[in-house]
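Step one of this worksheet: look at the structure below.
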Amino acid sequence: MEVDRLVCAGTGLCLGTAHGRMRLDGGRARPVDEVVGPDDAVLDAAETCPMEAITVRDAATGEVLAPLR
Ligand code: SF4
């Protein structure tokens with residue numbers, strides 16, 4: 001899971017969607033852990049980020065899992 005900190009607007013929305021997976025640092029979101037097990041809440045956070053700043057990839061293949069465009 002990655003957050004593009006140049007794109008993140010610091011809304012904090014993802015902290016509520018993916019509880020415990022994201023934190024704010026300097027007014028921008030940052031993953032608590034960059035590699036996590038399968039977690040629908042993390043996918044939801046990437047899908048609902050208003051800036052599309054979150055990208056979730058399959059750690060093994062690099063395939064983008066969310067957001068799906
Ligand atoms: S929802 Fe998106 S824009 Fe808002 S804090 Fe999270 S990553 Fe940043």
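Letters for chains follow the order of the structure tokens (A, B, ...), residue numbers begin at 1 for each chain, and ligand numbers begin at 1 in the order shown.
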
Mind checking DSSP for chain A and telling me the alpha helix (DSSP H) residues as a list in words?
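Written out, the alpha helix (DSSP H) residues of chain A are Leu13, Cys14, Leu15, Gly16, Thr17, Asp40, Ala41, Val42, Leu43, Asp44, Ala45, Ala46, Glu47 and Thr48 of chain A.
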
Write out, as a compact mmCIF listing (two decimals), in the first residue's frame, the residues just selected, with C-alpha atoms.
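What follows is the written file again.txt:
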```
# COMPACT_ATOMS: atom_id res chain seq x y z
CA LEU A 13 -11.14 9.90 5.41
CA CYS A 14 -8.94 6.84 4.98
CA LEU A 15 -8.15 6.72 8.71
CA GLY A 16 -11.80 6.01 9.37
CA THR A 17 -12.26 3.62 6.45
CA ASP A 40 -11.17 -5.20 2.36
CA ALA A 41 -11.02 -2.01 4.43
CA VAL A 42 -7.70 -1.08 2.84
CA LEU A 43 -9.17 -1.67 -0.62
CA ASP A 44 -12.19 0.45 0.36
CA ALA A 45 -9.89 3.25 1.52
CA ALA A 46 -8.12 3.27 -1.84
CA GLU A 47 -11.43 3.22 -3.72
CA THR A 48 -12.95 6.04 -1.69
```

Cut-off 10 Å, only C-alpha atoms and all ligand atoms, neighbours of ligand 1 as a ChimeraX atom specification
/A:2-18,22-25,27-31,45-55

Give me a file of those residues, with C-alpha atoms, as a PDB file, in the first residue's frame.
```pdb
ATOM      1  CA  GLU A   2       1.351   3.389  -0.986  1.00  0.00           C
ATOM      2  CA  VAL A   3       0.175   6.943  -0.422  1.00  0.00           C
ATOM      3  CA  ASP A   4       1.222   9.633  -2.858  1.00  0.00           C
ATOM      4  CA  ARG A   5       1.883  12.370  -0.337  1.00  0.00           C
ATOM      5  CA  LEU A   6       2.025  15.001  -3.050  1.00  0.00           C
ATOM      6  CA  VAL A   7      -1.551  14.121  -4.008  1.00  0.00           C
ATOM      7  CA  CYS A   8      -3.053  13.403  -0.553  1.00  0.00           C
ATOM      8  CA  ALA A   9      -5.191  16.307   0.665  1.00  0.00           C
ATOM      9  CA  GLY A  10      -5.048  15.230   4.306  1.00  0.00           C
ATOM     10  CA  THR A  11      -8.791  14.712   4.640  1.00  0.00           C
ATOM     11  CA  GLY A  12      -8.357  11.862   7.103  1.00  0.00           C
ATOM     12  CA  LEU A  13     -11.136   9.902   5.411  1.00  0.00           C
ATOM     13  CA  CYS A  14      -8.936   6.837   4.984  1.00  0.00           C
ATOM     14  CA  LEU A  15      -8.148   6.724   8.713  1.00  0.00           C
ATOM     15  CA  GLY A  16     -11.798   6.005   9.368  1.00  0.00           C
ATOM     16  CA  THR A  17     -12.259   3.624   6.449  1.00  0.00           C
ATOM     17  CA  ALA A  18      -9.146   1.553   7.108  1.00  0.00           C
ATOM     18  CA  MET A  22      -3.367   4.660   8.168  1.00  0.00           C
ATOM     19  CA  ARG A  23      -2.114   7.586  10.180  1.00  0.00           C
ATOM     20  CA  LEU A  24      -1.618  11.268   9.550  1.00  0.00           C
ATOM     21  CA  ASP A  25       1.921  12.530   9.502  1.00  0.00           C
ATOM     22  CA  GLY A  27      -0.976  16.636   7.538  1.00  0.00           C
ATOM     23  CA  ARG A  28      -0.743  13.803   5.004  1.00  0.00           C
ATOM     24  CA  ALA A  29      -1.697  10.147   5.253  1.00  0.00           C
ATOM     25  CA  ARG A  30       0.887   7.426   5.644  1.00  0.00           C
ATOM     26  CA  PRO A  31       0.371   3.655   5.932  1.00  0.00           C
ATOM     27  CA  ALA A  45      -9.893   3.247   1.516  1.00  0.00           C
ATOM     28  CA  ALA A  46      -8.125   3.270  -1.843  1.00  0.00           C
ATOM     29  CA  GLU A  47     -11.428   3.219  -3.716  1.00  0.00           C
ATOM     30  CA  THR A  48     -12.952   6.040  -1.687  1.00  0.00           C
ATOM     31  CA  CYS A  49      -9.985   8.392  -1.360  1.00  0.00           C
ATOM     32  CA  PRO A  50     -11.247  11.564  -3.034  1.00  0.00           C
ATOM     33  CA  MET A  51      -7.776  12.271  -4.439  1.00  0.00           C
ATOM     34  CA  GLU A  52      -6.989   8.677  -5.513  1.00  0.00           C
ATOM     35  CA  ALA A  53      -3.790   9.065  -3.526  1.00  0.00           C
ATOM     36  CA  ILE A  54      -3.762   5.480  -2.222  1.00  0.00           C
ATOM     37  CA  THR A  55      -2.575   2.583  -4.362  1.00  0.00           C
TER      38      THR A  55
END
```

Which value, in Å to one decimal, gives the distance between CA of Leu65 in chain A and CA of His19 in chain A?
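So the answer is 18.8 Å.
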
Would you please give, as a list in words, all residues of chain A that DSSP assigns to strand (DSSP E) based on the backbone?
Glu2, Val3, Met22, Arg23, Leu24, Asp25, Arg28, Ala29, Arg30, Pro31, Ile54, Thr55, Val56, Arg57, Val64, Leu65 and Ala66 of chain A
